[in-house]
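Structure file coords-v2.csv (CSV, C-alpha atoms and all ligand atoms) follows.
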chain,number,residue,atom,x,y,z
O,69,MET,CA,-130.4,59.8,11.3
O,70,PRO,CA,-128.4,56.9,10.0
O,71,THR,CA,-127.2,54.7,12.9
O,72,PRO,CA,-123.8,53.1,12.8
O,73,ALA,CA,-124.1,49.4,12.3
O,74,LYS,CA,-120.6,48.8,13.6
O,75,LEU,CA,-119.1,50.0,16.8
O,76,ASP,CA,-115.7,51.5,16.8
O,77,LEU,CA,-113.9,49.6,19.6
O,78,THR,CA,-110.3,50.3,18.4
O,79,ALA,CA,-109.6,52.7,21.3
O,80,PHE,CA,-109.7,49.8,23.8
O,81,PRO,CA,-106.8,47.4,24.3
O,82,ARG,CA,-107.8,44.0,23.1
O,83,ARG,CA,-106.2,40.6,22.7
O,84,GLN,CA,-107.9,38.7,19.9
O,85,LEU,CA,-109.2,35.3,21.1
O,86,LEU,CA,-112.1,34.7,18.6
O,87,ASP,CA,-111.6,33.7,15.0
O,88,GLY,CA,-114.3,35.9,13.6
O,89,THR,CA,-118.1,36.1,13.8
O,90,THR,CA,-120.0,33.3,15.5
O,91,PRO,CA,-122.8,31.8,13.4
O,92,ILE,CA,-126.5,32.5,13.8
O,93,GLN,CA,-128.6,29.4,13.0
O,94,HIS,CA,-132.3,28.7,12.7
O,95,LEU,CA,-133.9,25.8,14.7
O,96,PRO,CA,-136.6,24.6,12.4
O,97,ARG,CA,-137.6,21.4,14.2
O,98,LEU,CA,-138.0,23.1,17.6
O,99,SER,CA,-139.8,26.1,16.0
O,100,LYS,CA,-142.2,23.8,14.2
O,101,LYS,CA,-142.9,21.9,17.4
O,102,LEU,CA,-143.6,25.1,19.4
O,103,GLY,CA,-145.6,26.6,16.5
O,104,ASN,CA,-146.1,30.4,16.3
O,105,VAL,CA,-142.4,31.4,16.9
O,106,ASP,CA,-139.2,31.1,15.0
O,107,ILE,CA,-136.2,30.3,17.2
O,108,PHE,CA,-132.7,31.2,16.2
O,109,VAL,CA,-129.4,30.7,18.1
O,110,LYS,CA,-126.3,32.8,18.2
O,111,ARG,CA,-123.6,30.2,18.6
O,112,ASP,CA,-121.3,31.9,21.1
O,113,ASP,CA,-120.4,28.4,22.2
O,114,VAL,CA,-118.6,27.9,18.9
O,115,MET,CA,-115.1,29.4,19.4
O,116,GLY,CA,-111.7,28.0,18.8
O,117,LEU,CA,-110.1,28.3,22.2
O,118,GLY,CA,-110.5,26.4,25.4
O,119,GLY,CA,-113.9,25.0,24.5
O,120,GLY,CA,-115.4,28.4,23.9
O,121,GLY,CA,-118.2,30.4,25.5
O,122,ASN,CA,-119.3,33.9,26.4
O,123,LYS,CA,-116.4,34.6,28.7
O,124,LEU,CA,-114.0,34.5,25.8
O,125,ARG,CA,-115.5,37.7,24.4
O,126,LYS,CA,-115.0,39.5,27.7
O,127,LEU,CA,-111.5,38.1,28.0
O,128,GLU,CA,-110.5,39.7,24.7
O,129,PHE,CA,-110.7,43.0,26.5
O,130,LEU,CA,-109.7,41.8,30.0
O,131,ILE,CA,-106.5,40.2,28.7
O,132,GLY,CA,-106.0,43.3,26.6
O,133,GLU,CA,-106.2,45.5,29.7
O,134,ALA,CA,-103.9,43.1,31.6
O,135,GLN,CA,-101.2,43.2,28.9
O,136,ALA,CA,-101.5,47.0,28.5
O,137,ALA,CA,-100.8,47.3,32.3
O,138,GLY,CA,-97.8,45.0,31.9
O,139,ALA,CA,-99.2,42.1,33.9
O,140,ASP,CA,-97.7,38.6,33.8
O,141,THR,CA,-100.2,36.9,36.0
O,142,ILE,CA,-104.0,36.9,35.9
O,143,VAL,CA,-106.0,36.0,39.0
O,144,THR,CA,-109.8,35.4,39.0
O,145,VAL,CA,-112.5,34.0,41.1
O,146,GLY,CA,-115.6,31.8,40.5
O,147,ALA,CA,-117.6,28.8,41.5
O,148,LEU,CA,-116.0,25.4,41.4
O,149,GLN,CA,-117.5,24.6,38.0
O,150,SER,CA,-117.0,28.1,36.6
O,151,ASN,CA,-116.8,28.4,32.9
O,152,HIS,CA,-115.2,31.8,33.3
O,153,ALA,CA,-112.4,30.3,35.3
O,154,ARG,CA,-111.7,27.7,32.6
O,155,LEU,CA,-111.7,30.2,29.8
O,156,THR,CA,-109.5,32.6,31.8
O,157,ALA,CA,-107.0,29.7,32.1
O,158,ALA,CA,-107.2,29.0,28.4
O,159,ALA,CA,-106.8,32.7,27.4
O,160,ALA,CA,-103.9,33.1,29.8
O,161,ALA,CA,-102.2,30.1,28.4
O,162,LYS,CA,-102.6,31.4,24.9
O,163,ALA,CA,-101.4,34.9,25.9
O,164,GLY,CA,-98.4,33.5,27.8
O,165,LEU,CA,-99.6,34.7,31.2
O,166,ALA,CA,-99.7,32.7,34.5
O,167,CYS,CA,-103.1,32.1,35.8
O,168,GLU,CA,-104.4,31.6,39.4
O,169,LEU,CA,-108.0,30.6,40.0
O,170,VAL,CA,-109.8,31.0,43.3
O,171,LEU,CA,-112.7,28.5,43.2
O,172,THR,CA,-115.5,28.5,45.8
O,173,ARG,CA,-118.0,25.9,46.9
O,174,SER,CA,-121.0,27.9,45.9
O,175,VAL,CA,-123.1,24.8,45.1
O,176,PRO,CA,-123.8,22.3,47.9
O,177,ARG,CA,-122.4,19.2,46.1
O,178,ASP,CA,-119.5,17.0,46.9
O,179,ASP,CA,-119.7,14.1,44.5
O,180,GLU,CA,-116.8,13.0,42.3
O,181,ASP,CA,-118.3,14.4,39.0
O,182,PHE,CA,-118.8,17.8,40.5
O,183,LEU,CA,-115.4,18.0,42.3
O,184,ARG,CA,-113.2,16.6,39.6
O,185,ASN,CA,-114.8,16.4,36.2
O,186,GLY,CA,-116.1,19.1,33.8
O,187,ASN,CA,-114.4,22.5,34.2
O,188,VAL,CA,-112.3,21.4,37.1
O,189,LEU,CA,-110.5,18.8,35.0
O,190,LEU,CA,-109.9,21.3,32.2
O,191,ASP,CA,-108.6,24.0,34.6
O,192,SER,CA,-105.8,21.7,35.6
O,193,LEU,CA,-105.0,20.6,32.0
O,194,LEU,CA,-104.9,24.3,31.0
O,195,GLY,CA,-102.1,24.8,33.5
O,196,ALA,CA,-103.8,27.1,36.0
O,197,THR,CA,-102.9,27.1,39.7
O,198,VAL,CA,-106.1,26.4,41.6
O,199,HIS,CA,-107.0,27.5,45.1
O,200,HIS,CA,-110.0,25.9,46.7
O,201,ILE,CA,-112.0,28.0,49.2
O,202,ALA,CA,-114.9,26.4,51.0
O,203,ASP,CA,-116.9,29.5,51.9
O,204,PRO,CA,-117.4,32.1,49.1
O,205,ALA,CA,-117.4,34.8,51.8
O,206,ASP,CA,-113.8,34.1,52.5
O,207,ALA,CA,-112.7,34.6,48.9
O,208,PRO,CA,-112.1,38.4,48.9
O,209,ALA,CA,-109.6,38.2,51.9
O,210,PHE,CA,-107.9,35.2,50.4
O,211,ILE,CA,-107.5,37.0,47.1
O,212,GLN,CA,-106.0,40.1,48.7
O,213,THR,CA,-103.5,38.0,50.6
O,214,ARG,CA,-102.6,36.0,47.5
O,215,ILE,CA,-102.2,39.1,45.3
O,216,ALA,CA,-99.9,40.7,47.9
O,217,GLU,CA,-97.8,37.6,48.0
O,218,LEU,CA,-97.5,37.5,44.2
O,219,ARG,CA,-96.6,41.2,44.1
O,220,ALA,CA,-94.0,40.7,46.8
O,221,ALA,CA,-92.5,38.0,44.6
O,222,GLY,CA,-92.1,40.6,41.8
O,223,ARG,CA,-95.1,39.5,39.7
O,224,GLY,CA,-97.4,41.9,37.8
O,225,VAL,CA,-100.9,40.9,38.8
O,226,TYR,CA,-104.2,41.6,37.0
O,227,MET,CA,-107.4,40.7,38.8
O,228,ALA,CA,-110.1,39.7,36.4
O,229,PRO,CA,-113.6,40.4,37.9
O,230,PHE,CA,-116.2,37.7,38.9
O,231,GLY,CA,-117.8,36.4,35.7
O,232,GLY,CA,-115.5,38.7,33.7
O,233,SER,CA,-118.0,41.4,34.3
O,234,SER,CA,-116.4,44.8,34.4
O,235,ALA,CA,-116.9,47.7,32.0
O,236,ALA,CA,-113.9,46.5,30.1
O,237,GLY,CA,-115.2,42.9,29.9
O,238,CYS,CA,-118.6,44.0,28.9
O,239,LEU,CA,-117.1,45.6,25.7
O,240,GLY,CA,-116.9,42.0,24.5
O,241,TYR,CA,-120.7,41.9,24.4
O,242,ALA,CA,-121.0,45.4,22.9
O,243,SER,CA,-119.0,43.9,20.1
O,244,CYS,CA,-121.4,40.9,19.9
O,245,ALA,CA,-124.3,43.4,19.7
O,246,SER,CA,-122.7,44.9,16.6
O,247,GLU,CA,-122.2,41.4,15.1
O,248,ILE,CA,-125.8,40.6,15.7
O,249,VAL,CA,-127.0,43.8,14.1
O,250,LEU,CA,-124.8,43.2,11.0
O,251,GLN,CA,-125.9,39.5,10.8
O,252,SER,CA,-129.6,40.4,11.1
O,253,GLU,CA,-129.1,42.9,8.2
O,254,GLU,CA,-127.4,40.3,6.1
O,255,MET,CA,-130.0,37.7,6.8
O,256,GLN,CA,-132.8,40.3,6.5
O,257,ILE,CA,-134.3,39.1,9.7
O,258,ASP,CA,-135.5,41.6,12.4
O,259,PHE,CA,-135.3,39.8,15.7
O,260,ASP,CA,-138.1,40.6,18.1
O,261,ARG,CA,-136.1,39.5,21.1
O,262,ILE,CA,-132.5,38.6,22.0
O,263,VAL,CA,-132.6,36.1,24.9
O,264,VAL,CA,-129.7,35.4,27.3
O,265,PRO,CA,-129.0,33.9,30.7
O,266,ASN,CA,-128.1,36.3,33.4
O,267,GLY,CA,-125.3,35.2,35.9
O,268,SER,CA,-123.0,38.1,36.7
O,269,GLY,CA,-124.9,40.3,34.2
O,270,GLY,CA,-122.1,41.2,31.9
O,271,THR,CA,-123.5,39.5,28.8
O,272,GLN,CA,-126.7,41.4,28.9
O,273,ALA,CA,-125.0,44.6,30.1
O,274,GLY,CA,-122.6,44.6,27.1
O,275,LEU,CA,-125.4,43.8,24.6
O,276,VAL,CA,-127.5,46.6,26.1
O,277,ALA,CA,-124.7,49.2,26.0
O,278,GLY,CA,-123.7,48.1,22.5
O,279,LEU,CA,-127.3,48.4,21.2
O,280,LEU,CA,-127.8,51.8,22.8
O,281,ALA,CA,-124.5,53.1,21.4
O,282,MET,CA,-125.7,52.0,17.9
O,283,GLY,CA,-129.0,53.9,18.5
O,284,ARG,CA,-131.1,50.8,18.9
O,285,ASP,CA,-133.6,49.7,21.5
O,286,ALA,CA,-131.9,48.0,24.5
O,287,ARG,CA,-135.2,46.4,25.5
O,288,LEU,CA,-134.7,44.0,22.7
O,289,VAL,CA,-132.6,42.0,25.1
O,290,GLN,CA,-134.3,39.9,27.7
O,291,SER,CA,-132.5,37.8,30.3
O,292,TYR,CA,-133.5,35.1,32.8
O,293,THR,CA,-131.6,35.3,36.1
O,294,VAL,CA,-130.0,32.1,37.2
O,295,LEU,CA,-127.9,33.4,40.1
O,296,TRP,CA,-129.1,36.5,41.8
O,297,PRO,CA,-132.7,37.5,42.9
O,298,VAL,CA,-134.2,39.4,40.1
O,299,GLU,CA,-134.0,42.9,41.6
O,300,LYS,CA,-130.3,42.5,42.5
O,301,ALA,CA,-129.6,41.1,39.0
O,302,LYS,CA,-131.4,44.0,37.4
O,303,THR,CA,-129.5,46.6,39.5
O,304,ALA,CA,-126.2,45.0,38.9
O,305,THR,CA,-126.8,44.6,35.2
O,306,ARG,CA,-128.0,48.2,34.8
O,307,GLY,CA,-124.9,49.4,36.6
O,308,LEU,CA,-122.6,47.5,34.4
O,309,ALA,CA,-124.4,48.6,31.3
O,310,GLN,CA,-124.1,52.2,32.4
O,311,ASP,CA,-120.4,51.9,33.0
O,312,THR,CA,-119.9,50.2,29.6
O,313,LEU,CA,-122.0,52.8,27.8
O,314,ALA,CA,-119.9,55.6,29.4
O,315,ARG,CA,-116.9,54.2,27.6
O,316,LEU,CA,-118.7,53.9,24.2
O,317,SER,CA,-120.8,57.2,24.3
O,318,PRO,CA,-119.5,59.4,27.1
O,319,GLY,CA,-122.3,61.3,28.9
O,320,ARG,CA,-125.2,59.1,27.9
O,321,THR,CA,-127.3,57.6,30.6
O,322,ILE,CA,-129.4,54.4,30.7
O,323,ALA,CA,-133.1,54.6,31.3
O,324,ASP,CA,-134.4,52.7,34.3
O,325,ASP,CA,-136.4,50.3,32.2
O,326,ALA,CA,-133.6,49.5,29.7
O,327,VAL,CA,-132.6,46.3,31.4
O,328,VAL,CA,-135.2,43.5,31.2
O,329,VAL,CA,-134.6,40.6,33.6
O,330,VAL,CA,-137.1,37.8,34.0
O,331,ASP,CA,-137.5,35.8,37.2
O,332,GLY,CA,-138.7,32.3,37.9
O,333,GLN,CA,-136.0,29.8,36.7
O,334,ILE,CA,-133.5,29.7,39.6
O,335,GLY,CA,-135.4,27.0,41.4
O,336,GLU,CA,-133.7,26.1,44.7
O,337,GLY,CA,-130.6,28.0,43.9
O,338,TYR,CA,-127.7,28.7,41.6
O,339,GLY,CA,-126.3,25.5,40.0
O,340,LEU,CA,-129.2,23.4,41.4
O,341,PRO,CA,-131.1,21.5,38.6
O,342,THR,CA,-134.8,22.1,38.0
O,343,ASP,CA,-137.2,19.9,36.0
O,344,ALA,CA,-137.7,22.7,33.5
O,345,MET,CA,-133.9,22.9,32.9
O,346,ARG,CA,-133.8,19.2,32.4
O,347,GLU,CA,-136.6,19.4,29.9
O,348,ALA,CA,-135.0,22.3,28.0
O,349,VAL,CA,-131.6,20.6,27.7
O,350,ARG,CA,-133.1,17.4,26.5
O,351,THR,CA,-135.5,19.1,24.1
O,352,VAL,CA,-132.8,21.2,22.4
O,353,ALA,CA,-130.4,18.3,22.2
O,354,SER,CA,-132.9,15.7,20.9
O,355,LEU,CA,-134.6,18.0,18.4
O,356,GLU,CA,-131.7,20.0,17.1
O,357,GLY,CA,-128.5,18.2,18.2
O,358,LEU,CA,-127.4,21.2,20.2
O,359,LEU,CA,-125.9,21.0,23.7
O,360,ILE,CA,-126.8,23.7,26.2
O,361,ASP,CA,-125.4,23.8,29.7
O,362,PRO,CA,-127.3,22.9,32.9
O,363,VAL,CA,-126.4,26.0,35.0
O,364,TYR,CA,-127.1,28.9,32.6
O,365,GLY,CA,-128.4,28.1,29.2
O,366,GLY,CA,-130.6,25.3,30.4
O,367,LYS,CA,-132.4,27.5,32.8
O,368,ALA,CA,-132.6,30.4,30.5
O,369,PHE,CA,-134.0,28.2,27.7
O,370,ALA,CA,-136.5,26.8,30.1
O,371,GLY,CA,-137.7,30.3,30.7
O,372,LEU,CA,-137.9,30.9,27.0
O,373,LEU,CA,-140.0,27.8,26.4
O,374,LYS,CA,-142.3,28.7,29.2
O,375,ASP,CA,-142.9,32.2,27.9
O,376,VAL,CA,-143.4,30.9,24.4
O,377,ARG,CA,-146.0,28.4,25.6
O,378,GLU,CA,-147.7,31.2,27.7
O,379,GLY,CA,-147.9,33.4,24.6
O,380,LYS,CA,-145.7,36.1,26.1
O,381,PHE,CA,-144.0,36.9,22.7
O,382,PRO,CA,-145.7,38.6,19.7
O,383,GLN,CA,-147.4,36.4,17.1
O,384,ALA,CA,-144.7,34.7,14.8
O,385,ALA,CA,-141.9,36.3,16.9
O,386,LYS,CA,-138.4,35.8,15.8
O,387,LEU,CA,-136.4,35.0,18.9
O,388,LEU,CA,-132.6,34.9,19.0
O,389,PHE,CA,-131.2,32.8,21.9
O,390,VAL,CA,-127.5,33.4,22.7
O,391,MET,CA,-125.8,30.1,23.3
O,392,THR,CA,-123.2,31.0,25.9
O,393,GLY,CA,-121.2,27.8,26.1
O,394,GLY,CA,-120.7,25.8,29.3
O,395,LEU,CA,-120.8,22.3,27.7
O,396,PRO,CA,-118.2,20.9,30.1
O,397,GLY,CA,-120.7,21.5,32.9
O,398,LEU,CA,-122.8,18.7,31.6
O,399,PHE,CA,-120.1,16.2,32.6
O,400,ALA,CA,-120.2,17.6,36.2
O,401,TYR,CA,-124.0,17.2,36.2
O,402,ARG,CA,-124.3,13.6,35.0
O,403,ARG,CA,-126.4,12.7,38.0
O,404,ALA,CA,-128.8,15.5,37.3
O,405,PHE,CA,-130.0,13.7,34.2
O,501,LIG,C1,-121.0,33.0,32.9
O,501,LIG,C2,-122.0,32.3,32.0
O,501,LIG,C3,-123.2,32.9,31.7
O,501,LIG,C4,-123.7,34.2,32.4
O,501,LIG,O1,-123.1,35.3,31.8
O,501,LIG,P1,-123.0,36.6,32.6
O,501,LIG,O2,-122.3,37.6,31.7
O,501,LIG,O3,-122.2,36.3,33.8
O,501,LIG,O4,-124.4,37.0,33.0
O,501,LIG,C5,-124.1,32.2,30.8
O,501,LIG,N1,-123.8,31.1,30.3
O,501,LIG,C6,-122.6,30.5,30.5
O,501,LIG,C7,-122.3,29.1,29.9
O,501,LIG,C8,-121.7,31.0,31.4
O,501,LIG,O5,-120.5,30.4,31.7
Rewritten as structure tokens:
Amino acid sequence: MPTPAKLDLTAFPRRQLLDGTTPIQHLPRLSKKLGNVDIFVKRDDVMGLGGGGNKLRKLEFLIGEAQAAGADTIVTVGALQSNHARLTAAAAAKAGLACELVLTRSVPRDDEDFLRNGNVLLDSLLGATVHHIADPADAPAFIQTRIAELRAAGRGVYMAPFGGSSAAGCLGYASCASEIVLQSEEMQIDFDRIVVPNGSGGTQAGLVAGLLAMGRDARLVQSYTVLWPVEKAKTATRGLAQDTLARLSPGRTIADDAVVVVDGQIGEGYGLPTDAMREAVRTVASLEGLLIDPVYGGKAFAGLLKDVREGKFPQAAKLLFVMTGGLPGLFAYRRAF
């Protein structure tokens, strides 16, 4: 049975924010150094809006949904140095929507770089209204109150989910899955694994749903959790993948083992540097001139390096690492290096 290489996503409201396909590049110097594997990167950090990153793919469908509902204001929530918050602000600016960000102190740091540089600086330049909440547990109640206030003032409010991860948002990564399938056919390369960081799970969930809808093996995708304990990450990601697949291929269900999440890179907690992350960021930067972020990509790449060194991948495996953006985070983590 021929499988469709391209997904039909035309039924879903979408606000275009990307300029086309993001490149796939080979990393020859790193591959040579590691021996026995070929590392490729999908450059989802190369996008023409707001500094780019994985959240922009989700925001194409979130802003689409917001505008279809007639909203004029988008509200979202994240950690202080959230890339999702920064890109929501950029997408809202581009679409002519007001943007309110609720930022929580999810990482125990209070130095100047962390409080004011990186994404925090960009949020303000992008024109977002920022609300600072000390305890993440207080965020839901604050958001409810704020949304009620905005609605009372006559505003049409759309709440974008944490990390941009709802079934609508995940369609952005189903779209990415179809890009990867087409690119791998053009390049005549069969990737043995697609490797991603797992934060709120939407990147992996969208890829999994997209691959399944195209009749491919979802276990091609392997993530490293950087936020939630591995079982919680797996459950959340599988739930999102199921909801996304329900939109693409109604009635299909996801097997229990379709979502592969690997543990071991969180270290002392979300957003807290590890030695393996530092080594991964420096290695990729100094060998290939590529900048990966300290919170997501750095930890996921550390996991990839560890598994390569431990021989966890097939002989001569072709591994595609998705670069998800987050470069501004490096400026907030100056002291970590
Ligand atoms: C949010 C984010 C991730 C994690 O993506 P999820 O879809 O939330 O799992 C990875 N990398 C960067 C740079 C991010 O900002």
Let me have all residues with an atom within 6 Å of ligand LIG 501 (chain O), counting only C-alpha atoms and all ligand atoms, laid out as number ranges by chain. O: 151-152, 231, 265-271, 364-365, 392-394
Restricting the calculation to all atoms listed in the file, which member of O:Ala147, O:Ile360, O:Ala159, O:Ala301 is positioned closest to Arg346 in chain O? O:Ile360
Quick one: which range 299-392 of chain O residues come within 12 Å of range 273-282 of chain O, and what is the nearest atom pair for each with the distance in Å to one decimal, counting all atoms listed in the file, rows ordered by chain and ascending number, as JSON lines?
{"residue": "O:Ala301", "atom": "CA", "partner": "O:Ala273", "partner_atom": "CA", "distance": 10.6}
{"residue": "O:Lys302", "atom": "CA", "partner": "O:Ala273", "partner_atom": "CA", "distance": 9.7}
{"residue": "O:Thr303", "atom": "CA", "partner": "O:Ala273", "partner_atom": "CA", "distance": 10.6}
{"residue": "O:Ala304", "atom": "CA", "partner": "O:Ala273", "partner_atom": "CA", "distance": 8.9}
{"residue": "O:Thr305", "atom": "CA", "partner": "O:Ala273", "partner_atom": "CA", "distance": 5.4}
{"residue": "O:Arg306", "atom": "CA", "partner": "O:Ala273", "partner_atom": "CA", "distance": 6.6}
{"residue": "O:Gly307", "atom": "CA", "partner": "O:Ala273", "partner_atom": "CA", "distance": 8.1}
{"residue": "O:Leu308", "atom": "CA", "partner": "O:Ala273", "partner_atom": "CA", "distance": 5.7}
{"residue": "O:Ala309", "atom": "CA", "partner": "O:Ala273", "partner_atom": "CA", "distance": 4.2}
{"residue": "O:Gln310", "atom": "CA", "partner": "O:Ala277", "partner_atom": "CA", "distance": 7.1}
{"residue": "O:Asp311", "atom": "CA", "partner": "O:Ala277", "partner_atom": "CA", "distance": 8.6}
{"residue": "O:Thr312", "atom": "CA", "partner": "O:Ala277", "partner_atom": "CA", "distance": 6.1}
{"residue": "O:Leu313", "atom": "CA", "partner": "O:Ala277", "partner_atom": "CA", "distance": 4.8}
{"residue": "O:Ala314", "atom": "CA", "partner": "O:Ala277", "partner_atom": "CA", "distance": 8.7}
{"residue": "O:Arg315", "atom": "CA", "partner": "O:Ala277", "partner_atom": "CA", "distance": 9.4}
{"residue": "O:Leu316", "atom": "CA", "partner": "O:Ala281", "partner_atom": "CA", "distance": 6.5}
{"residue": "O:Ser317", "atom": "CA", "partner": "O:Ala281", "partner_atom": "CA", "distance": 6.2}
{"residue": "O:Pro318", "atom": "CA", "partner": "O:Ala281", "partner_atom": "CA", "distance": 9.9}
{"residue": "O:Gly319", "atom": "CA", "partner": "O:Ala281", "partner_atom": "CA", "distance": 11.3}
{"residue": "O:Arg320", "atom": "CA", "partner": "O:Ala281", "partner_atom": "CA", "distance": 8.9}
{"residue": "O:Thr321", "atom": "CA", "partner": "O:Leu280", "partner_atom": "CA", "distance": 9.7}
{"residue": "O:Ile322", "atom": "CA", "partner": "O:Ala277", "partner_atom": "CA", "distance": 8.4}
{"residue": "O:Ala323", "atom": "CA", "partner": "O:Leu280", "partner_atom": "CA", "distance": 10.4}
{"residue": "O:Asp325", "atom": "CA", "partner": "O:Val276", "partner_atom": "CA", "distance": 11.4}
{"residue": "O:Ala326", "atom": "CA", "partner": "O:Val276", "partner_atom": "CA", "distance": 7.7}
{"residue": "O:Val327", "atom": "CA", "partner": "O:Val276", "partner_atom": "CA", "distance": 7.4}
{"residue": "O:Val328", "atom": "CA", "partner": "O:Val276", "partner_atom": "CA", "distance": 9.7}
{"residue": "O:Val329", "atom": "CA", "partner": "O:Ala273", "partner_atom": "CA", "distance": 11.0}
{"residue": "O:Val390", "atom": "CA", "partner": "O:Leu275", "partner_atom": "CA", "distance": 10.8}
Output C-alpha atoms of each residue in that selection to a file, as a short mmCIF file (atom, residue, chain, number, x, y, z; two decimals), keeping the file's coordinate frame.
data_model
loop_
_atom_site.label_atom_id
_atom_site.label_comp_id
_atom_site.auth_asym_id
_atom_site.auth_seq_id
_atom_site.Cartn_x
_atom_site.Cartn_y
_atom_site.Cartn_z
CA ALA O 301 -129.60 41.10 39.00
CA LYS O 302 -131.40 44.00 37.40
CA THR O 303 -129.50 46.60 39.50
CA ALA O 304 -126.20 45.00 38.90
CA THR O 305 -126.80 44.60 35.20
CA ARG O 306 -128.00 48.20 34.80
CA GLY O 307 -124.90 49.40 36.60
CA LEU O 308 -122.60 47.50 34.40
CA ALA O 309 -124.40 48.60 31.30
CA GLN O 310 -124.10 52.20 32.40
CA ASP O 311 -120.40 51.90 33.00
CA THR O 312 -119.90 50.20 29.60
CA LEU O 313 -122.00 52.80 27.80
CA ALA O 314 -119.90 55.60 29.40
CA ARG O 315 -116.90 54.20 27.60
CA LEU O 316 -118.70 53.90 24.20
CA SER O 317 -120.80 57.20 24.30
CA PRO O 318 -119.50 59.40 27.10
CA GLY O 319 -122.30 61.30 28.90
CA ARG O 320 -125.20 59.10 27.90
CA THR O 321 -127.30 57.60 30.60
CA ILE O 322 -129.40 54.40 30.70
CA ALA O 323 -133.10 54.60 31.30
CA ASP O 325 -136.40 50.30 32.20
CA ALA O 326 -133.60 49.50 29.70
CA VAL O 327 -132.60 46.30 31.40
CA VAL O 328 -135.20 43.50 31.20
CA VAL O 329 -134.60 40.60 33.60
CA VAL O 390 -127.50 33.40 22.70
#
Residue neighbourhood Leu98 in chain O, 8 Å, only C-alpha atoms, exclusion window fewer than 6 positions, as a PyMOL selection string: chain O and resi 107+352+355-356
Record the distance separating CA of Ala368 in chain O and CA of Asp343 in chain O, expressed in Å with one decimal. 12.7 Å
I'd like to know which of O:Ala245, O:Leu183, O:Cys167, O:Ala216 is closest to Asp140 in chain O, using all atoms listed in the file. O:Cys167
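Of the listed residues (O:Arg125, O:Lys367, O:Arg97, O:Arg350), O:Lys367 comes nearest to Val264 in chain O; the distances count all atoms listed in the file.
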